[in-house]
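These notes are about the structure you will find just below.
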Amino acid sequence: MLKIVNEIKKELNIKKKKEIFNSVKIIPYIFVSPFIIAFLLFYLYPVISTINMSFQEILGPGDVKYIQFKNYINLFNHDFYDALIFNSWYTFWTLAVLIPLPVFLAVLLNSKLTIGKNFFRSSFFIPALTSVVVAGIFFRMFFGGMETTIPNTILKFFKIKPIVWTFKYHTAMMVLVIIATWRWLGVNIVYFLAGLQNISNDLYEAATIDGANFFQKFIYITLPGLKPVIIYVLTISIYAGYAMFAESYILYPNARTPGNIGLTSVLYLYQQGFDHNNLGFASAIGVTLLLIIFIINTIQLRFFGLFKKAGD
Amino acid sequence: MRIKINSSKILNAIVLIFLLIISIFYVYPILWLFDASLRPLIDIFQVPPALFSGSFEKMFGIYTFNSFINSFLNWGTGIALINSVLVTCSSIILTVFVCSLCSYAFAFMNFPGKKIIFIFILSTMMLPLATMIAPYYRVLQKLGLTNKLIGLIIPYAAYPLGVFLLKQYFIKIPVSLIEAAKIDGAGYFRIWLRIIMPLSKPALAAFAIIQFKEVWNDFLIPMIVLRSGSLFTLPIKLQLMDSQTFNKPYDAIIATGFITAIIPIIFFLIFQRYFIEGLTGGIKG
């Protein structure tokens with residue numbers, strides 16, 4: 001008798017377990033939980049922790065002292081200022097190149113008349129798959145000081161003496177922007193191509209009937225249609241511009257930037273945090289950068305009206 | 001009429017030439033790496049390049065595998081290659097599992113807090129990890145993940161863009177399919193595995209390509225996580241070779257660089273037919 005009761009109990013238990021696992025209330029959280037746990041550990045906790053650490057002087061694990069705003073006061077120095085200015089110009093130039101050019105190329109690649117679209121799309125995308133280390137080493141050699149490099153050969157043609165491109169402020173900026181253009185053009189083309197798929201063909205047909213030419217169609221249909229994607233690309237480009245690190249790190253081996261040429265904020269953060277073991281100060285740099293990116297992006301999003309829902 | 005056809009033909013030709021010039025600039029570095037990796041060290045920086053010397057003998061006759069042999073025997077490129085493959089493959093499997101489960105819940109289930117969690121996850125896409133490497137390093141240290149390959153795999157599991165991309169694709173799957181499966185007695189997990197995943201191949205492939213290039217090429221996180229040379233992934237190994245001040249091994253650097261660059265390209269070319277299709281679901285205002 002007892003045996004049977006136990007048996008039934010067991011059966012019920014299994015059923016209950018199955019029900020819990022399939023219950024509408026619990027299951028979504030089970031599905032979401034692996035992501036949320038990893039997310040809390042590796043995204044959210046570092047954000048909160050970096051704010052906390054930025055008020056500390058960290059001499060070693062467990063040897064921590066709160067020093068109020070000292071780290072932030074120390075930020076007012078020449079190196080960080082140079083790095084921020086460099087970052088801002090770098091961001092500006094990458095935006096100036098990496099939005100108009102890929103929009104234009106995406107329109108060309110989307111046209112029915114263009115031949116070999118797949119080939120071009122792939123060849124523009126290939127640099128995006130290439131490691132930044134490979135790109136950095138290649139472009140350092142390409143823009144090297146030797147008389148025989150391609151850029152210096154061109155200079156020679158105009159009777160200008162060869163230069164080490166990475167060791168002068170403006171040419172170093174140019175080299176870094178060229179690397180960014182080489183690596184990210186294909187990605188942005190993909191974004192804009194995807195955006196173009198979402199613009200209804202009827203609009204173009206109606207415009208053709210009304211007698212609109214290519215440029216009118218571009219300005220009145222294509223650009224407004226691409227607006228959400230343009231805003232997205234703008235946002236991530238600002239983010240990427242201020243977070244740039246590896247390109248500079250590779251271009252100047254062992255992070256020795258000549259007279260702060262090519263010194264970016266994150267490179268400075270890395271030097272302070274890991275070479276000088278000053279994790280508290282590095283965190284203050286990180287928080288400041290996060291704030292800058294947040295402020296610029298908020299202003300930009302307000303300005304272009306993502307919150308207004310217009311033009312969507 | 002005739003003039004009109006001609007002018008549009010000319011315009012097309014101009015477009016084509018314009019695209020060709022840009023694409024030459026875009027593939028040139030990879031082609032140069034390929035060519036240079038097969039040349040003896042003294043020929044690499046020869047002027048004019050041996051490739052344009054005119055004689056077939058000079059162009060291709062002197063190709064050797066010495067650079068590759070040097071990089072594998074003396075610089076441990078082989079171990080770095082194995083490490084890179086190991087880290088990238090495990091991380092793709094893990095992150096596709098984690099993100100697709102999460103996206104499935106967001107796409108088909110209603111639960112309290114859903115909207116807030118989703119917006120919250122998306123908003124962190126704006127937080128560059130690079131600015132938080134100091135506390136990030138301490139999290140890994142506390143979890144005992146520093147200087148281990150697994151420390152490169154687990155942190156990639158939560159990838160907000162992946163959740164966004166997959167969710168946008170999942171919501172296009174007809175709900176009737178899921179309802180039918182439910183009536184047949186399939187559980188949520190079974191529906192995810194048997195219906196959602198097979199139907200979302202393009203989105204999964206696009207996600208895999210993005211994740212492949214992110215993890216394979218990642219530089220900053222391996223830099224702060226790894227200490228011992230035997231664990232280095234290809235980009236870190238390459239940087240180490242490049243930072244030699246004396247007798248920089250240019251041939252080994254170029255060979256390793258070529259290997260580092262070509263593998264994601266091959267992976268992309270295999271799956272690229274899904275790429276745009278998988279992405280178009282994800283980018284909509």
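Chain labels follow the order of the structure tokens: the first chain is A, the next B, and so on; residue numbering restarts at 1 in every chain, and ligands are counted from 1 in their shown order.
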
For range 88-96 of chain B, work out the shell of residues within 9 Å, counting only C-alpha atoms and skipping chain neighbours fewer than 4 positions away, then give it as a PyMOL selection string.
(chain A and resi 35) or (chain B and resi 83-84+100-101+152-159+162+204+207-208+211-216)

Could you list, as a ChimeraX atom specification, every residue within 10 Å of Pro29 in chain B, counting only C-alpha atoms and ignoring same-chain residues fewer than 5 positions away?
/A:127,134-135,138-139,142,182 /B:24,34-35,258

Residues from the last selection, C-alpha atoms, saved as a CSV table (one decimal), in the first residue's frame:
```csv
chain,number,residue,atom,x,y,z
A,127,PRO,CA,39.2,44.9,-44.3
A,134,VAL,CA,47.6,43.4,-39.1
A,135,ALA,CA,46.2,46.7,-40.4
A,138,PHE,CA,50.8,47.1,-42.7
A,139,PHE,CA,50.0,50.8,-42.6
A,142,PHE,CA,53.2,51.6,-45.9
A,182,TRP,CA,39.9,51.1,-44.6
B,24,ILE,CA,41.8,47.8,-55.4
B,34,PHE,CA,49.9,37.2,-49.4
B,35,ASP,CA,52.7,38.0,-51.9
B,258,PHE,CA,48.6,36.7,-43.3
```

With only C-alpha atoms as the counted atoms, please give the residues lying no more than 8 Å from Pro264 in chain B, apart from itself and same-chain residues fewer than 2 positions off, as a list in words.
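The contact residues come out as Leu129 and Thr130 of chain A; Phe212, Lys213, Trp216, Thr260, Ala261, Ile262, Ile266, Phe267 and Phe268 of chain B.
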
A:Pro34, A:Gly225, A:Pro100, A:Pro162 ranked by distance to chain B, top pick (using only C-alpha atoms)
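With only C-alpha atoms as the atom set, the closest residue is A:Pro34.
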
For Trp75 in chain B: contacts at 9 Å, only C-alpha atoms, fewer than 2 positions along chain excluded, given as a VMD selection string:
chain B and resid 70 to 73 77 to 78 237 241 252

Can you tell me which residues surround range 132-134 of chain B at a distance of at most 9 Å, considering only C-alpha atoms, apart from same-chain residues fewer than 2 positions away, and format the answer as a ChimeraX atom specification?
/A:43,46-47,49-50,53,269-270,273-274,279-280,282-283,286-287,290 /B:127-130,136-138,220-221,224

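Between chain B and the residues A:Tyr242, A:Tyr81, A:Phe218, A:Phe55, the shortest atom-to-atom distance, using only C-alpha atoms, involves A:Tyr242.
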
Residues near Asn74 in chain B, cut-off 12 Å, only C-alpha atoms, skip fewer than 6 positions along chain, as JSON, numbers by chain:
{"B": [66, 67, 68, 241, 249, 251, 252, 253, 256]}

For Ile254 in chain B, which of A:Glu147, A:Gln272, A:Met141, A:Ile230 is the closest residue, counting only C-alpha atoms?
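Counting only C-alpha atoms, the residue closest to Ile254 in chain B is A:Met141.
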
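Here CA of Lys168 in chain A is placed at a distance of 23.5 Å from CA of Phe25 in chain B.
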
Where in range 160-268 of chain A does DSSP assign alpha helix (DSSP H), given as an MDAnalysis selection string?
chainID A and resid 169:197 201:209 214:217 223:242 246:251 265:268

So which one's closest to Ser103 in chain B, A:Gln300, A:Thr264, A:Thr153, A:Ser33? Using only C-alpha atoms, please.
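Selected residue with least distance to Ser103 in chain B: A:Ser33.
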